[in-house]
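Peer 1: So here's run-v5.cif (mmCIF, C-alpha atoms and all ligand atoms).
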data_work
loop_
_atom_site.group_PDB
_atom_site.id
_atom_site.type_symbol
_atom_site.label_atom_id
_atom_site.label_comp_id
_atom_site.auth_asym_id
_atom_site.auth_seq_id
_atom_site.Cartn_x
_atom_site.Cartn_y
_atom_site.Cartn_z
ATOM 1 C CA MET Z 113 0.000 0.000 0.000
ATOM 2 C CA ASN Z 114 1.161 3.530 -0.726
ATOM 3 C CA ALA Z 115 1.268 6.221 1.932
ATOM 4 C CA ILE Z 116 0.104 8.815 -0.577
ATOM 5 C CA GLU Z 117 -1.685 8.225 -3.870
ATOM 6 C CA ILE Z 118 -2.785 11.315 -5.726
ATOM 7 C CA VAL Z 119 -4.705 11.227 -8.995
ATOM 8 C CA ASN Z 120 -5.420 14.228 -11.190
ATOM 9 C CA LEU Z 121 -5.339 16.718 -8.339
ATOM 10 C CA THR Z 122 -6.280 20.292 -9.142
ATOM 11 C CA LYS Z 123 -6.367 23.454 -7.071
ATOM 12 C CA THR Z 124 -7.300 26.801 -8.506
ATOM 13 C CA PHE Z 125 -7.040 30.209 -6.865
ATOM 14 C CA GLY Z 126 -9.232 32.395 -9.054
ATOM 15 C CA ALA Z 127 -7.824 32.017 -12.556
ATOM 16 C CA LYS Z 128 -4.541 30.540 -11.261
ATOM 17 C CA ARG Z 129 -4.114 26.772 -11.454
ATOM 18 C CA ALA Z 130 -1.630 26.232 -8.615
ATOM 19 C CA VAL Z 131 -1.996 22.449 -8.938
ATOM 20 C CA ASP Z 132 -2.979 21.244 -12.372
ATOM 21 C CA GLY Z 133 -3.828 17.555 -12.776
ATOM 22 C CA LEU Z 134 -1.063 16.325 -10.486
ATOM 23 C CA ASN Z 135 -0.367 12.611 -10.046
ATOM 24 C CA MET Z 136 1.866 11.454 -7.230
ATOM 25 C CA THR Z 137 2.737 8.185 -5.508
ATOM 26 C CA VAL Z 138 4.626 8.014 -2.242
ATOM 27 C CA PRO Z 139 5.382 4.467 -1.043
ATOM 28 C CA GLN Z 140 5.191 3.686 2.661
ATOM 29 C CA GLY Z 141 8.466 4.229 4.483
ATOM 30 C CA ALA Z 142 9.839 6.529 1.782
ATOM 31 C CA ILE Z 143 11.633 9.780 2.292
ATOM 32 C CA TYR Z 144 10.101 11.514 -0.690
ATOM 33 C CA GLY Z 145 11.967 14.592 -1.884
ATOM 34 C CA PHE Z 146 9.506 16.998 -3.445
ATOM 35 C CA ILE Z 147 11.310 19.354 -5.807
ATOM 36 C CA GLY Z 148 10.281 22.258 -7.989
ATOM 37 C CA GLU Z 149 10.885 25.915 -8.699
ATOM 38 C CA ASN Z 150 9.270 28.598 -6.560
ATOM 39 C CA GLY Z 151 5.580 28.808 -7.333
ATOM 40 C CA SER Z 152 5.421 25.342 -8.923
ATOM 41 C CA GLY Z 153 2.795 24.157 -6.427
ATOM 42 C CA LYS Z 154 4.692 22.233 -3.717
ATOM 43 C CA SER Z 155 3.238 23.994 -0.693
ATOM 44 C CA THR Z 156 -0.251 23.952 -2.170
ATOM 45 C CA THR Z 157 0.002 20.211 -2.797
ATOM 46 C CA GLU Z 158 1.195 19.634 0.761
ATOM 47 C CA LYS Z 159 -1.616 21.729 2.181
ATOM 48 C CA LEU Z 160 -4.123 19.752 0.110
ATOM 49 C CA ILE Z 161 -2.684 16.459 1.386
ATOM 50 C CA CYS Z 162 -3.014 17.634 4.983
ATOM 51 C CA GLY Z 163 -6.529 18.972 4.532
ATOM 52 C CA LEU Z 164 -5.464 22.593 5.082
ATOM 53 C CA LEU Z 165 -6.915 23.410 1.646
ATOM 54 C CA GLN Z 166 -9.793 21.840 -0.258
ATOM 55 C CA PRO Z 167 -9.039 20.430 -3.728
ATOM 56 C CA SER Z 168 -10.836 21.862 -6.751
ATOM 57 C CA GLY Z 169 -10.698 18.392 -8.321
ATOM 58 C CA GLY Z 170 -9.046 15.007 -8.212
ATOM 59 C CA GLU Z 171 -8.403 12.488 -5.484
ATOM 60 C CA ILE Z 172 -5.995 12.114 -2.578
ATOM 61 C CA LYS Z 173 -5.650 8.763 -0.847
ATOM 62 C CA LEU Z 174 -3.575 8.260 2.284
ATOM 63 C CA PHE Z 175 -2.851 4.651 3.223
ATOM 64 C CA GLY Z 176 -5.593 3.552 0.871
ATOM 65 C CA LYS Z 177 -8.282 5.774 2.374
ATOM 66 C CA SER Z 178 -9.681 9.167 1.458
ATOM 67 C CA HIS Z 179 -7.548 11.933 2.959
ATOM 68 C CA ARG Z 180 -10.720 13.238 4.578
ATOM 69 C CA ASP Z 181 -10.972 10.092 6.708
ATOM 70 C CA GLN Z 182 -10.657 11.146 10.350
ATOM 71 C CA GLN Z 183 -8.423 8.261 11.373
ATOM 72 C CA VAL Z 184 -6.024 8.854 8.505
ATOM 73 C CA ARG Z 185 -5.969 12.572 9.265
ATOM 74 C CA SER Z 186 -4.960 11.882 12.857
ATOM 75 C CA GLN Z 187 -2.019 9.845 11.568
ATOM 76 C CA THR Z 188 -0.614 12.712 9.530
ATOM 77 C CA GLY Z 189 1.824 15.168 11.066
ATOM 78 C CA VAL Z 190 2.543 18.414 9.317
ATOM 79 C CA LEU Z 191 5.027 21.274 9.417
ATOM 80 C CA ILE Z 192 4.167 23.949 6.880
ATOM 81 C CA GLU Z 193 5.660 27.338 7.606
ATOM 82 C CA SER Z 194 6.711 27.786 11.238
ATOM 83 C CA PRO Z 195 5.040 26.116 14.206
ATOM 84 C CA GLY Z 196 2.509 28.284 16.034
ATOM 85 C CA CYS Z 197 4.481 28.707 19.250
ATOM 86 C CA PHE Z 198 4.263 31.192 22.116
ATOM 87 C CA SER Z 199 7.636 32.849 22.331
ATOM 88 C CA ASP Z 200 7.602 33.389 26.110
ATOM 89 C CA TYR Z 201 6.569 29.801 26.842
ATOM 90 C CA SER Z 202 9.100 27.056 27.327
ATOM 91 C CA VAL Z 203 9.527 24.373 24.700
ATOM 92 C CA TRP Z 204 7.838 21.950 27.078
ATOM 93 C CA ASN Z 205 4.808 24.172 27.689
ATOM 94 C CA ASN Z 206 4.375 24.846 23.994
ATOM 95 C CA LEU Z 207 4.307 21.109 23.339
ATOM 96 C CA LYS Z 208 1.983 20.620 26.306
ATOM 97 C CA LEU Z 209 -0.476 23.097 24.854
ATOM 98 C CA GLN Z 210 -0.360 21.439 21.452
ATOM 99 C CA ALA Z 211 -0.754 17.982 23.007
ATOM 100 C CA ALA Z 212 -3.825 19.219 24.872
ATOM 101 C CA ASN Z 213 -5.251 20.671 21.635
ATOM 102 C CA LEU Z 214 -4.813 17.307 19.967
ATOM 103 C CA GLY Z 215 -6.334 15.474 22.939
ATOM 104 C CA ILE Z 216 -3.266 13.325 23.396
ATOM 105 C CA LYS Z 217 -3.205 10.854 26.281
ATOM 106 C CA ASN Z 218 -0.102 10.322 28.440
ATOM 107 C CA GLU Z 219 1.031 13.708 27.287
ATOM 108 C CA ASN Z 220 4.168 13.948 29.450
ATOM 109 C CA GLU Z 221 5.395 10.658 28.117
ATOM 110 C CA GLU Z 222 4.529 11.667 24.564
ATOM 111 C CA ILE Z 223 6.307 15.022 24.880
ATOM 112 C CA ARG Z 224 9.401 13.282 26.218
ATOM 113 C CA ARG Z 225 9.240 10.868 23.287
ATOM 114 C CA VAL Z 226 9.065 13.568 20.622
ATOM 115 C CA LEU Z 227 11.718 15.738 22.299
ATOM 116 C CA HIS Z 228 14.008 12.742 22.302
ATOM 117 C CA LEU Z 229 13.322 12.082 18.612
ATOM 118 C CA VAL Z 230 14.302 15.635 17.676
ATOM 119 C CA ARG Z 231 17.419 15.604 19.894
ATOM 120 C CA MET Z 232 16.077 18.153 22.342
ATOM 121 C CA ASP Z 233 15.834 16.155 25.567
ATOM 122 C CA GLY Z 234 17.900 18.754 27.403
ATOM 123 C CA ALA Z 235 16.153 21.832 26.026
ATOM 124 C CA ALA Z 236 12.619 21.396 27.346
ATOM 125 C CA SER Z 237 12.827 24.330 29.742
ATOM 126 C CA ASN Z 238 14.265 26.794 27.172
ATOM 127 C CA LYS Z 239 11.944 29.602 26.213
ATOM 128 C CA PHE Z 240 10.915 29.270 22.587
ATOM 129 C CA LYS Z 241 12.169 32.774 21.786
ATOM 130 C CA ASN Z 242 15.668 31.846 22.951
ATOM 131 C CA CYS Z 243 15.931 28.810 20.682
ATOM 132 C CA SER Z 244 18.125 28.876 17.571
ATOM 133 C CA LEU Z 245 16.531 28.562 14.134
ATOM 134 C CA GLY Z 246 17.640 24.936 13.983
ATOM 135 C CA MET Z 247 15.982 24.236 17.325
ATOM 136 C CA LYS Z 248 12.815 26.029 16.275
ATOM 137 C CA GLN Z 249 12.611 23.891 13.160
ATOM 138 C CA ARG Z 250 13.071 20.774 15.279
ATOM 139 C CA ILE Z 251 10.381 21.950 17.683
ATOM 140 C CA GLY Z 252 8.152 22.245 14.618
ATOM 141 C CA ILE Z 253 8.934 18.650 13.805
ATOM 142 C CA ALA Z 254 8.277 17.665 17.422
ATOM 143 C CA PHE Z 255 4.859 19.326 17.107
ATOM 144 C CA ALA Z 256 4.182 17.339 13.967
ATOM 145 C CA LEU Z 257 5.270 14.106 15.653
ATOM 146 C CA LEU Z 258 2.855 14.389 18.575
ATOM 147 C CA GLY Z 259 0.463 11.471 18.368
ATOM 148 C CA ASN Z 260 2.987 9.301 16.523
ATOM 149 C CA PRO Z 261 1.918 9.892 12.905
ATOM 150 C CA LYS Z 262 2.587 7.406 10.118
ATOM 151 C CA LEU Z 263 3.050 10.234 7.631
ATOM 152 C CA LEU Z 264 5.029 13.411 8.125
ATOM 153 C CA VAL Z 265 4.638 16.326 5.686
ATOM 154 C CA LEU Z 266 7.392 18.933 5.870
ATOM 155 C CA ASP Z 267 7.550 22.104 3.795
ATOM 156 C CA GLU Z 268 11.125 23.366 3.363
ATOM 157 C CA PRO Z 269 12.218 22.349 6.863
ATOM 158 C CA ILE Z 270 15.937 22.825 6.295
ATOM 159 C CA ASN Z 271 15.907 26.366 4.879
ATOM 160 C CA GLY Z 272 18.368 28.576 6.665
ATOM 161 C CA LEU Z 273 19.924 25.828 8.774
ATOM 162 C CA ASP Z 274 23.678 25.695 9.268
ATOM 163 C CA ALA Z 275 25.669 22.562 8.456
ATOM 164 C CA ASP Z 276 25.193 21.128 11.918
ATOM 165 C CA GLY Z 277 21.483 21.872 11.907
ATOM 166 C CA MET Z 278 21.168 20.122 8.550
ATOM 167 C CA ARG Z 279 23.068 17.096 9.790
ATOM 168 C CA ILE Z 280 20.823 16.737 12.847
ATOM 169 C CA MET Z 281 17.739 17.113 10.666
ATOM 170 C CA ARG Z 282 19.081 14.427 8.353
ATOM 171 C CA GLU Z 283 19.589 12.056 11.253
ATOM 172 C CA ILE Z 284 16.120 12.743 12.610
ATOM 173 C CA LEU Z 285 14.414 12.102 9.281
ATOM 174 C CA THR Z 286 16.424 8.967 8.565
ATOM 175 C CA ASP Z 287 15.578 7.603 12.028
ATOM 176 C CA LEU Z 288 11.898 8.316 11.454
ATOM 177 C CA ALA Z 289 11.923 6.569 8.103
ATOM 178 C CA ASP Z 290 13.750 3.602 9.640
ATOM 179 C CA SER Z 291 10.964 3.352 12.202
ATOM 180 C CA GLY Z 292 8.431 3.085 9.355
ATOM 181 C CA CYS Z 293 7.232 6.681 9.202
ATOM 182 C CA THR Z 294 6.789 8.038 5.664
ATOM 183 C CA VAL Z 295 8.285 11.482 5.125
ATOM 184 C CA LEU Z 296 7.262 13.912 2.394
ATOM 185 C CA ILE Z 297 9.754 16.752 2.323
ATOM 186 C CA SER Z 298 9.915 19.692 -0.040
ATOM 187 C CA SER Z 299 13.233 21.465 -0.363
ATOM 188 C CA HIS Z 300 15.290 23.324 -2.900
ATOM 189 C CA ILE Z 301 18.511 22.384 -1.111
ATOM 190 C CA LEU Z 302 19.076 19.465 -3.437
ATOM 191 C CA GLY Z 303 22.528 18.546 -2.152
ATOM 192 C CA GLU Z 304 21.013 17.843 1.260
ATOM 193 C CA LEU Z 305 17.945 16.113 -0.074
ATOM 194 C CA GLU Z 306 20.132 13.808 -2.108
ATOM 195 C CA LYS Z 307 21.724 12.488 1.079
ATOM 196 C CA ILE Z 308 18.474 11.158 2.504
ATOM 197 C CA ALA Z 309 15.725 10.849 -0.109
ATOM 198 C CA THR Z 310 14.673 7.382 -1.267
ATOM 199 C CA HIS Z 311 12.237 8.783 -3.844
ATOM 200 C CA TYR Z 312 11.810 12.000 -5.761
ATOM 201 C CA GLY Z 313 8.996 13.906 -7.377
ATOM 202 C CA ILE Z 314 9.719 16.879 -9.588
ATOM 203 C CA ILE Z 315 6.821 19.260 -10.060
ATOM 204 C CA ARG Z 316 6.465 22.025 -12.616
ATOM 205 C CA ASN Z 317 3.536 24.364 -13.186
ATOM 206 C CA GLY Z 318 1.401 22.257 -10.879
ATOM 207 C CA GLN Z 319 2.096 19.039 -12.779
ATOM 208 C CA MET Z 320 4.305 16.080 -11.941
ATOM 209 C CA LEU Z 321 7.181 16.216 -14.378
ATOM 210 C CA LYS Z 322 8.999 13.138 -13.144
ATOM 211 C CA GLN Z 323 8.938 10.645 -10.286
ATOM 212 C CA MET Z 324 11.777 8.282 -9.586
ATOM 213 C CA THR Z 325 13.530 6.263 -6.920
ATOM 214 C CA ALA Z 326 16.991 7.141 -5.655
ATOM 215 C CA ALA Z 327 18.272 4.087 -7.559
ATOM 216 C CA GLN Z 328 16.748 5.363 -10.801
ATOM 217 C CA LEU Z 329 18.270 8.777 -10.218
ATOM 218 C CA ASN Z 330 21.582 7.107 -9.583
ATOM 219 C CA ALA Z 331 21.336 5.203 -12.860
ATOM 220 C CA ASP Z 332 20.435 8.425 -14.690
ATOM 221 C CA CYS Z 333 23.393 10.266 -13.187
ATOM 222 C CA PRO Z 334 26.507 8.709 -14.706
ATOM 223 C CA THR Z 335 30.018 9.060 -13.364
ATOM 224 C CA TYR Z 336 32.410 10.806 -15.702
ATOM 225 C CA VAL Z 337 36.027 11.784 -16.076
ATOM 226 C CA ALA Z 338 36.551 15.565 -16.135
ATOM 227 C CA LEU Z 339 39.803 16.975 -17.415
ATOM 228 C CA LYS Z 340 41.578 20.037 -18.722
ATOM 229 C CA THR Z 341 44.285 20.412 -21.350
ATOM 230 C CA ALA Z 342 45.900 23.358 -23.093
ATOM 231 C CA ASP Z 343 43.705 22.872 -26.182
ATOM 232 C CA THR Z 344 40.119 22.193 -25.176
ATOM 233 C CA ASP Z 345 38.623 22.096 -28.680
ATOM 234 C CA LYS Z 346 41.162 19.676 -30.086
ATOM 235 C CA THR Z 347 41.040 17.410 -27.045
ATOM 236 C CA ARG Z 348 37.271 17.361 -27.036
ATOM 237 C CA ALA Z 349 37.170 16.405 -30.719
ATOM 238 C CA ILE Z 350 39.592 13.527 -30.126
ATOM 239 C CA LEU Z 351 37.779 12.256 -27.057
ATOM 240 C CA GLN Z 352 34.454 12.541 -28.810
ATOM 241 C CA GLN Z 353 35.733 10.325 -31.587
ATOM 242 C CA THR Z 354 37.308 7.770 -29.249
ATOM 243 C CA TYR Z 355 34.724 7.594 -26.489
ATOM 244 C CA GLY Z 356 31.508 8.455 -28.305
ATOM 245 C CA ARG Z 357 30.618 11.440 -26.185
ATOM 246 C CA ALA Z 358 32.643 14.294 -24.739
ATOM 247 C CA ASP Z 359 31.095 17.531 -23.521
ATOM 248 C CA VAL Z 360 32.610 20.769 -22.367
ATOM 249 C CA ASP Z 361 31.267 22.092 -19.073
ATOM 250 C CA GLU Z 362 30.644 25.761 -19.820
ATOM 251 C CA GLN Z 363 31.146 26.823 -16.235
ATOM 252 C CA THR Z 364 34.375 25.014 -15.388
ATOM 253 C CA GLY Z 365 35.811 24.638 -18.903
ATOM 254 C CA GLU Z 366 36.375 20.942 -18.164
ATOM 255 C CA ILE Z 367 35.944 18.291 -20.820
ATOM 256 C CA ARG Z 368 33.801 15.392 -19.666
ATOM 257 C CA VAL Z 369 33.977 11.798 -20.845
ATOM 258 C CA TYR Z 370 31.098 9.535 -19.903
ATOM 259 C CA ASN Z 371 31.929 6.071 -21.172
ATOM 260 C CA GLY Z 372 33.085 4.680 -17.823
ATOM 261 C CA SER Z 373 36.821 4.750 -18.536
ATOM 262 C CA SER Z 374 39.097 5.489 -15.592
ATOM 263 C CA ALA Z 375 40.884 8.817 -15.285
ATOM 264 C CA ASP Z 376 44.232 7.011 -15.682
ATOM 265 C CA LYS Z 377 43.216 5.407 -18.954
ATOM 266 C CA VAL Z 378 41.942 8.630 -20.457
ATOM 267 C CA ALA Z 379 45.043 10.567 -19.396
ATOM 268 C CA ASN Z 380 47.350 7.842 -20.726
ATOM 269 C CA TYR Z 381 45.533 7.645 -23.996
ATOM 270 C CA LEU Z 382 45.720 11.404 -24.534
ATOM 271 C CA PHE Z 383 49.397 11.586 -23.670
ATOM 272 C CA ALA Z 384 50.763 8.374 -25.188
ATOM 273 C CA ASP Z 385 48.591 8.186 -28.322
ATOM 274 C CA CYS Z 386 47.834 11.840 -29.011
ATOM 275 C CA GLY Z 387 50.669 13.767 -27.408
ATOM 276 C CA ILE Z 388 48.290 15.901 -25.348
ATOM 277 C CA ALA Z 389 49.260 16.649 -21.742
ATOM 278 C CA VAL Z 390 46.443 16.651 -19.210
ATOM 279 C CA THR Z 391 46.737 19.508 -16.713
ATOM 280 C CA GLU Z 392 43.883 18.491 -14.383
ATOM 281 C CA ILE Z 393 41.795 15.345 -14.122
ATOM 282 C CA ARG Z 394 39.219 13.945 -11.719
ATOM 283 C CA THR Z 395 36.345 11.508 -11.588
ATOM 284 C CA ALA Z 396 32.915 12.802 -10.568
ATOM 285 C CA LYS Z 397 29.228 12.005 -10.716
ATOM 286 C CA ILE Z 398 26.262 14.032 -11.911
ATOM 287 C CA SER Z 399 24.488 15.385 -8.834
ATOM 288 C CA LEU Z 400 20.758 15.722 -8.238
ATOM 289 C CA GLU Z 401 21.230 19.466 -8.607
ATOM 290 C CA GLU Z 402 22.785 19.117 -12.052
ATOM 291 C CA TYR Z 403 20.252 16.491 -13.110
ATOM 292 C CA TYR Z 404 17.456 18.811 -12.042
ATOM 293 C CA ILE Z 405 18.908 21.852 -13.810
ATOM 294 C CA ASN Z 406 19.301 19.838 -17.026
ATOM 295 C CA LEU Z 407 15.747 18.544 -16.761
ATOM 296 C CA MET Z 408 14.399 22.062 -16.293
ATOM 297 C CA ARG Z 409 16.474 23.321 -19.221
ATOM 298 C CA GLU Z 410 15.213 20.556 -21.516
ATOM 299 C CA GLY Z 411 11.604 21.513 -20.832
ATOM 300 C CA LYS Z 412 12.102 25.163 -21.755
HETATM 301 N N1 LIG Z 501 -3.780 31.386 -1.256
HETATM 302 C C1 LIG Z 501 -3.382 31.646 -2.501
HETATM 303 N N2 LIG Z 501 -4.043 32.523 -3.273
HETATM 304 C C2 LIG Z 501 -3.664 32.777 -4.550
HETATM 305 N N3 LIG Z 501 -2.624 32.195 -5.148
HETATM 306 C C3 LIG Z 501 -1.919 31.291 -4.441
HETATM 307 C C4 LIG Z 501 -2.254 30.982 -3.079
HETATM 308 N N4 LIG Z 501 -1.371 30.043 -2.642
HETATM 309 C C5 LIG Z 501 -0.530 29.817 -3.660
HETATM 310 N N5 LIG Z 501 -0.849 30.567 -4.731
HETATM 311 C C6 LIG Z 501 -0.161 30.531 -6.051
HETATM 312 O O1 LIG Z 501 -0.086 29.197 -6.482
HETATM 313 C C7 LIG Z 501 1.167 28.919 -7.080
HETATM 314 C C8 LIG Z 501 1.854 27.778 -6.345
HETATM 315 O O2 LIG Z 501 2.260 28.224 -5.071
HETATM 316 P P1 LIG Z 501 2.976 27.292 -4.013
HETATM 317 O O3 LIG Z 501 2.209 26.041 -3.862
HETATM 318 O O4 LIG Z 501 3.189 28.113 -2.791
HETATM 319 O O5 LIG Z 501 4.363 26.982 -4.736
HETATM 320 P P2 LIG Z 501 5.734 26.447 -4.138
HETATM 321 O O6 LIG Z 501 5.490 25.980 -2.742
HETATM 322 O O7 LIG Z 501 6.162 25.358 -5.069
HETATM 323 O O8 LIG Z 501 6.685 27.603 -4.191
HETATM 324 C C9 LIG Z 501 1.935 30.222 -7.053
HETATM 325 O O9 LIG Z 501 1.780 30.873 -8.299
HETATM 326 C C10 LIG Z 501 1.268 31.007 -5.944
HETATM 327 O O10 LIG Z 501 1.398 32.382 -6.155
HETATM 328 MG MG MG Z 502 6.390 26.566 -0.972
#
How does the structure come out when it is put into structure tokens?
Ligand SMILES: Nc1ncnc2c1ncn2[C@@H]1O[C@H](COP(=O)(O)OP(=O)(O)O)[C@@H](O)[C@H]1O
Ligand SMILES: [Mg+2]
Peer 2:
Amino acid sequence: MNAIEIVNLTKTFGAKRAVDGLNMTVPQGAIYGFIGENGSGKSTTEKLICGLLQPSGGEIKLFGKSHRDQQVRSQTGVLIESPGCFSDYSVWNNLKLQAANLGIKNENEEIRRVLHLVRMDGAASNKFKNCSLGMKQRIGIAFALLGNPKLLVLDEPINGLDADGMRIMREILTDLADSGCTVLISSHILGELEKIATHYGIIRNGQMLKQMTAAQLNADCPTYVALKTADTDKTRAILQQTYGRADVDEQTGEIRVYNGSSADKVANYLFADCGIAVTEIRTAKISLEEYYINLMREGK
């Protein structure tokens, strides 16, 4: 069963189609990276999933049931924008208030559980206003985790975090997924997303452009040898002929060879057979960021 199954979802605001016939499948236990340019409809889709907005058309199923189903709704945790916290209250009291709103039983135990999950066991008595941005984001996740949801929907939760904040967030989300919780996370910080996502959905103009697993992305992102020589044009022409494909990276000026040869082999070939000295050489892999940029470029 899928955690989220969306068919032909539409949401209009006046004449604007924010979500326009979107299809989306999020398997249970996935960390689903939801990617798209600003204004492509990510937040709107997430709000529709969580029942914060009403669809104009289409269907949303969560764990096989309508997303309007009360039981399913209670199993969905959400962090869209910042958590509604009182700045003069302690972290603990903010969570206590939220737990009461949700009618959660054994609230002290539950608050301890979620604070532990977000690595904030020692910070319960801190006033919310004195927490760092990273802590505030984690408190938002703690809010969303009250009641032990099976699905967590997070809208840009790592924006503005420093490296350490990102690492902690990564650990938290991976732990949650390991425990069986499905995580839908939108972010434009693709380098971070790539470290944790098991699935991806790329949205454009309110439509799903592409969905894939991390393994499929990996297969679509070949490794390559990147090198520089004194004569880029000549070298590229030679490599193109020998290896079938050789591109020049406009930004770095590197020539790239994709056929799977090792850096040593390519360098040796150029020097021994063609008399061309290689000045720099490395092996690299296409990143999610580059894949995404290429995909966006193709569509324009
Ligand atoms: N409440 C709203 N009223 C009118 N237009 C909206 C509203 N919410 C979103 N939009 C529009 O819908 C489109 C998608 O927005 P959004 O879902 O926030 O995109 P994203 O999260 O991918 O940046 C944008 O053009 C945005 O301006
Ligand atoms: Mg958004």
Peer 1: So that each row is one residue of segment 292-312 of chain Z with an atom at most 9 Å from segment 132-144 of chain Z, can you give its shortest atom pair and the distance in Å to one decimal, using only C-alpha atoms, rows by chain and rising number, as a tab-separated table?
Peer 2:
residue	atom	partner	partner_atom	distance
Z:Gly292	CA	Z:Gly141	CA	5.0
Z:Cys293	CA	Z:Gly141	CA	5.5
Z:Thr294	CA	Z:Gly141	CA	4.3
Z:Val295	CA	Z:Ile143	CA	4.7
Z:Leu296	CA	Z:Tyr144	CA	4.8
Z:Ile297	CA	Z:Tyr144	CA	6.1
Z:Ser298	CA	Z:Tyr144	CA	8.2
Z:Ile308	CA	Z:Ile143	CA	7.0
Z:Ala309	CA	Z:Ile143	CA	4.9
Z:Thr310	CA	Z:Ile143	CA	5.3
Z:His311	CA	Z:Tyr144	CA	4.7
Z:Tyr312	CA	Z:Tyr144	CA	5.4
Peer 1: Residues of chain Z within 10 Å of ligand LIG 501 (chain Z): nearest atom pair and distance (Å, one decimal) for each, counting all atoms listed in the file, sorted by chain and number, as a Markdown table?
Peer 2:
| residue | atom | partner | partner_atom | distance |
| --- | --- | --- | --- | --- |
| Z:Lys123 | CA | Z:LIG501 | O1 | 8.5 |
| Z:Thr124 | CA | Z:LIG501 | O1 | 7.9 |
| Z:Phe125 | CA | Z:LIG501 | C2 | 4.8 |
| Z:Gly126 | CA | Z:LIG501 | C2 | 7.2 |
| Z:Ala127 | CA | Z:LIG501 | N3 | 9.1 |
| Z:Lys128 | CA | Z:LIG501 | N3 | 6.6 |
| Z:Arg129 | CA | Z:LIG501 | O1 | 6.8 |
| Z:Ala130 | CA | Z:LIG501 | O1 | 4.0 |
| Z:Val131 | CA | Z:LIG501 | C8 | 7.1 |
| Z:Phe146 | CA | Z:LIG501 | O7 | 9.1 |
| Z:Ile147 | CA | Z:LIG501 | O7 | 7.9 |
| Z:Gly148 | CA | Z:LIG501 | O7 | 5.9 |
| Z:Glu149 | CA | Z:LIG501 | O7 | 6.0 |
| Z:Asn150 | CA | Z:LIG501 | O8 | 3.6 |
| Z:Gly151 | CA | Z:LIG501 | O5 | 3.4 |
| Z:Ser152 | CA | Z:LIG501 | O7 | 3.9 |
| Z:Gly153 | CA | Z:LIG501 | O3 | 3.2 |
| Z:Lys154 | CA | Z:LIG501 | O7 | 3.7 |
| Z:Ser155 | CA | Z:LIG501 | O6 | 3.6 |
| Z:Thr156 | CA | Z:LIG501 | O3 | 3.6 |
| Z:Thr157 | CA | Z:LIG501 | O3 | 6.3 |
| Z:Glu158 | CA | Z:LIG501 | O3 | 8.0 |
| Z:Lys159 | CA | Z:LIG501 | O3 | 8.4 |
| Z:Leu160 | CA | Z:LIG501 | O3 | 9.8 |
| Z:Leu165 | CA | Z:LIG501 | N1 | 9.0 |
| Z:Ile192 | CA | Z:LIG501 | O6 | 9.9 |
| Z:Asp267 | CA | Z:LIG501 | O6 | 7.9 |
| Z:Glu268 | CA | Z:LIG501 | O6 | 8.7 |
| Z:Ser298 | CA | Z:LIG501 | O6 | 8.1 |
| Z:Ser299 | CA | Z:LIG501 | O6 | 9.3 |
| Z:His300 | CA | Z:LIG501 | O7 | 9.6 |
| Z:Ile315 | CA | Z:LIG501 | O7 | 7.9 |
| Z:Arg316 | CA | Z:LIG501 | O7 | 8.3 |
| Z:Asn317 | CA | Z:LIG501 | C8 | 7.8 |
| Z:Gly318 | CA | Z:LIG501 | C8 | 7.2 |
Peer 1: Starting from the PyMOL selection byres (((chain Z and resi 216-230) around 10) and not hetatm), expand the selection into actual residues of this file and give them as JSON, numbers by chain.
Peer 2: {"Z": [203, 204, 205, 207, 208, 209, 210, 211, 212, 213, 214, 215, 231, 232, 233, 234, 235, 236, 247, 249, 250, 251, 252, 253, 254, 255, 256, 257, 258, 259, 260, 280, 281, 283, 284, 285, 287, 288]}
Peer 1: What is the atom CA of Lys177 of chain Z to atom CA of Leu329 of chain Z distance in Å?
Peer 2: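 Between atom CA of Lys177 of chain Z and atom CA of Leu329 of chain Z the gap is 29.5 Å.
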Peer 1: If you measure from atom CA of Gln363 of chain Z to atom CA of Ile388 of chain Z, what distance in Å do you get, rounded to one decimal?
Peer 2: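 It comes out at 22.3 Å.
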Peer 1: Can you measure atom CA of Ser399 of chain Z to atom CA of Gly246 of chain Z for me? One decimal in Å is fine.
Peer 2: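 Atom CA of Gly246 of chain Z lies at a distance of 25.7 Å from atom CA of Ser399 of chain Z.
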Peer 1: My list of candidates is Z:Asp343, Z:Glu193, Z:Glu362, Z:Glu306. Which is closest to ligand MG 502 (chain Z) when distances are computed with only C-alpha atoms and all ligand atoms?
Peer 2: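 Closest candidate: Z:Glu193.
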Peer 1: Let me make sure I understand: among Z:Gly169, Z:Gly176, Z:Pro334, Z:Gly303, which one has the smallest atom-to-atom distance to Ile270 of chain Z if we use all atoms listed in the file?
Peer 2: Z:Gly303
Peer 1: Please enumerate the residues selected by the PyMOL selection byres (((chain Z and resi 263) around 7) and not hetatm) when evaluated against the supplied file, formatted as a PyMOL selection string.
Peer 2: chain Z and resi 187-189+261-262+264-265+293-295
Peer 1: Considering only C-alpha atoms and all ligand atoms, state which residue in the set Z:Phe240, Z:Leu266, Z:Cys197, Z:Val190 is at the smallest distance from ligand MG 502 (chain Z).
Peer 2: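 Residue with the minimum atom-to-atom distance to ligand MG 502 (chain Z): Z:Leu266.
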Peer 1: Considering all atoms listed in the file, can you say which of Z:Asn242, Z:Thr391, Z:Asn206, Z:Asn271 comes closest to ligand MG 502 (chain Z)?
Peer 2: Z:Asn271
Peer 1: Could you list, as a VMD selection string, every residue within 9 Å of Gly163 of chain Z, counting only C-alpha atoms and ignoring same-chain residues fewer than 6 positions away?
Peer 2: chain Z and resid 179 to 180 185
Peer 1: Which of these, Z:Ser237, Z:Leu321, Z:Pro195, Z:Pro269, has the shortest distance to ligand MG 502 (chain Z) once you count all atoms listed in the file?
Peer 2: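 With all atoms listed in the file as the atom set, the closest residue is Z:Pro269.
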